[in-house]
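Contents: one structure, followed by commentary.
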Amino acid sequence: MAIRGVASSREDMTLEEFKEWLKQFDADGDGRISRNELREALRRRGRRFTTLRSGRALRHADKNNSGFLDDSEIENLVAFAQKDLGMKVSTW
C-alpha cells in the first residue's frame, strides 16, 4: 500500500494511512510509539525542531502518561498533527 503524505506534509492522508505511516517508525516493534520514534517520524517528514515538537505531541496525545503512544491515543496525535503540524488527516 502506498501511503500518501510521506514525502510532503501538505498531502492528505486517511486515518488508516496515518496509522500505517506511523507504524513504520515503531523501531522496537512493541506496538507503541516513543518520543524518539515520533521524533524520527517528524524528521522524515522534513519538520524542524523535531525534539521540541515530538515532546509537545507526546504530551498532548499521551492521555495515560505512559510516555508512549498506543493505538488508542493515535486520534489524539492526529488532532495535534492537524492543528500544530499542518498535516491533513481525514477520517475517511
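Numbering starts fresh at 1 for the residues of each chain in the C-alpha cells, the chains themselves are lettered A, B, ... in the order given, and ligands are numbered from 1 as they appear.
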
### Query
What's the 12 Å shell around Arg43 of chain A, counting only C-alpha atoms, without same-chain residues fewer than 2 positions away, as an MDAnalysis selection string?
chainID A and resid 6:9 25 36:41 45:54

Just the selected residues (N, CA and C atoms), exported as an mmCIF file, in the first residue's frame, please.
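The result, stored in result36.cif:
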```
data_model
loop_
_atom_site.group_PDB
_atom_site.id
_atom_site.type_symbol
_atom_site.label_atom_id
_atom_site.label_comp_id
_atom_site.auth_asym_id
_atom_site.auth_seq_id
_atom_site.Cartn_x
_atom_site.Cartn_y
_atom_site.Cartn_z
ATOM 1 N N VAL A 6 3.752 10.865 2.787
ATOM 2 C CA VAL A 6 5.053 10.612 3.385
ATOM 3 C C VAL A 6 6.066 11.624 2.888
ATOM 4 N N ALA A 7 6.030 11.955 1.620
ATOM 5 C CA ALA A 7 7.012 12.872 1.053
ATOM 6 C C ALA A 7 6.699 14.327 1.366
ATOM 7 N N SER A 8 5.433 14.652 1.456
ATOM 8 C CA SER A 8 5.058 16.049 1.642
ATOM 9 C C SER A 8 4.027 16.185 2.750
ATOM 10 N N SER A 9 4.248 17.114 3.641
ATOM 11 C CA SER A 9 3.314 17.301 4.746
ATOM 12 C C SER A 9 2.024 17.959 4.287
ATOM 13 N N PHE A 25 7.677 3.643 12.084
ATOM 14 C CA PHE A 25 8.681 4.193 12.981
ATOM 15 C C PHE A 25 8.706 3.503 14.341
ATOM 16 N N ASN A 36 11.258 9.227 20.898
ATOM 17 C CA ASN A 36 12.323 9.143 19.890
ATOM 18 C C ASN A 36 11.788 8.650 18.559
ATOM 19 N N GLU A 37 10.866 7.690 18.592
ATOM 20 C CA GLU A 37 10.273 7.194 17.351
ATOM 21 C C GLU A 37 9.433 8.276 16.688
ATOM 22 N N LEU A 38 8.708 9.038 17.484
ATOM 23 C CA LEU A 38 7.914 10.132 16.956
ATOM 24 C C LEU A 38 8.815 11.223 16.389
ATOM 25 N N ARG A 39 9.917 11.491 17.074
ATOM 26 C CA ARG A 39 10.875 12.479 16.573
ATOM 27 C C ARG A 39 11.410 12.063 15.203
ATOM 28 N N GLU A 40 11.724 10.790 15.040
ATOM 29 C CA GLU A 40 12.206 10.294 13.749
ATOM 30 C C GLU A 40 11.132 10.439 12.669
ATOM 31 N N ALA A 41 9.888 10.152 13.017
ATOM 32 C CA ALA A 41 8.792 10.297 12.051
ATOM 33 C C ALA A 41 8.681 11.749 11.587
ATOM 34 N N ARG A 45 9.555 13.635 7.786
ATOM 35 C CA ARG A 45 8.583 14.468 7.060
ATOM 36 C C ARG A 45 9.143 15.857 6.795
ATOM 37 N N GLY A 46 10.398 16.063 7.154
ATOM 38 C CA GLY A 46 11.036 17.331 6.857
ATOM 39 C C GLY A 46 10.737 18.426 7.859
ATOM 40 N N ARG A 47 10.294 18.066 9.016
ATOM 41 C CA ARG A 47 9.981 19.051 10.053
ATOM 42 C C ARG A 47 11.255 19.552 10.722
ATOM 43 N N ARG A 48 11.166 20.763 11.228
ATOM 44 C CA ARG A 48 12.259 21.347 12.003
ATOM 45 C C ARG A 48 11.881 21.296 13.477
ATOM 46 N N PHE A 49 12.881 21.438 14.324
ATOM 47 C CA PHE A 49 12.673 21.439 15.776
ATOM 48 C C PHE A 49 11.968 20.155 16.228
ATOM 49 N N THR A 50 12.422 19.029 15.694
ATOM 50 C CA THR A 50 11.730 17.765 15.926
ATOM 51 C C THR A 50 11.735 17.328 17.390
ATOM 52 N N THR A 51 12.785 17.636 18.134
ATOM 53 C CA THR A 51 12.811 17.248 19.549
ATOM 54 C C THR A 51 11.725 17.987 20.319
ATOM 55 N N LEU A 52 11.626 19.272 20.102
ATOM 56 C CA LEU A 52 10.601 20.083 20.756
ATOM 57 C C LEU A 52 9.207 19.642 20.337
ATOM 58 N N ARG A 53 8.996 19.490 19.041
ATOM 59 C CA ARG A 53 7.667 19.123 18.537
ATOM 60 C C ARG A 53 7.257 17.718 18.962
ATOM 61 N N SER A 54 8.188 16.789 18.955
ATOM 62 C CA SER A 54 7.822 15.429 19.358
ATOM 63 C C SER A 54 7.453 15.392 20.840
#
```

### Query
Tell me, which residues of chain A carry DSSP alpha helix (DSSP H), written as an MDAnalysis selection string?
chainID A and resid 15:23 35:44 50:61 74:84

### Task
Output as a ChimeraX atom specification all residues of chain A that backbone DSSP marks as strand (DSSP E).
/A:12-14,33-34,68-69,88-90

Suppose we keep C-alpha atoms; can you now write the selection as a PDB file, in the first residue's frame?
```pdb
ATOM      1  CA  ASP A  12      -3.897  14.355   2.709  1.00  0.00           C
ATOM      2  CA  MET A  13      -3.888  11.021   4.489  1.00  0.00           C
ATOM      3  CA  THR A  14      -6.741   8.981   5.820  1.00  0.00           C
ATOM      4  CA  ILE A  33       5.413   4.995  19.628  1.00  0.00           C
ATOM      5  CA  SER A  34       8.050   6.525  21.877  1.00  0.00           C
ATOM      6  CA  PHE A  68       4.338   6.172  24.787  1.00  0.00           C
ATOM      7  CA  LEU A  69       1.519   6.430  22.279  1.00  0.00           C
ATOM      8  CA  LYS A  88      -4.183  16.840   6.892  1.00  0.00           C
ATOM      9  CA  VAL A  89      -5.708  13.594   8.100  1.00  0.00           C
ATOM     10  CA  SER A  90      -9.255  12.681   7.175  1.00  0.00           C
TER      11      SER A  90
END
```

### Task
Take atom CA of Asn65 of chain A and atom CA of Arg32 of chain A and report the distance between them in Å, one decimal.
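That distance, rounded to one decimal, is 12.9 Å.
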
## Note on the structure
Between atom CA of Val78 of chain A and atom CA of Phe18 of chain A lies a distance of 8.1 Å

### Query
Using only C-alpha atoms, which of A:His60, A:Arg35, A:Arg44, A:Lys23 sits nearest Leu77 of chain A?
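Closest residue, counting only C-alpha atoms: A:His60.
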
### Query
Quick one: distance from atom CA of Asp70 of chain A to atom CA of Gly86 of chain A in Å, one decimal?
21.9 Å

What lies within 8 Å of Ala61 of chain A using only C-alpha atoms, ignoring chain neighbours under 5 positions off, as a CSV table (one decimal) with N, CA and C atoms, in the first residue's frame?
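Result file follows (selection09.csv):
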```csv
chain,number,residue,atom,x,y,z
A,69,LEU,N,2.8,6.3,22.9
A,69,LEU,CA,1.5,6.4,22.3
A,69,LEU,C,1.1,5.0,21.8
A,73,GLU,N,-4.5,6.1,21.5
A,73,GLU,CA,-4.1,7.5,21.6
A,73,GLU,C,-3.7,8.2,20.3
A,74,ILE,N,-3.8,7.4,19.2
A,74,ILE,CA,-3.4,7.9,17.9
A,74,ILE,C,-4.3,9.0,17.5
A,75,GLU,N,-5.6,8.9,17.8
A,75,GLU,CA,-6.5,10.0,17.4
A,75,GLU,C,-6.2,11.3,18.1
A,76,ASN,N,-5.6,11.2,19.3
A,76,ASN,CA,-5.2,12.4,20.0
A,76,ASN,C,-4.0,13.0,19.2
A,77,LEU,N,-3.1,12.2,18.7
A,77,LEU,CA,-2.0,12.6,17.9
A,77,LEU,C,-2.4,13.3,16.6
A,80,PHE,N,-3.5,16.8,17.2
A,80,PHE,CA,-2.3,17.6,17.3
A,80,PHE,C,-1.6,17.9,16.0
```
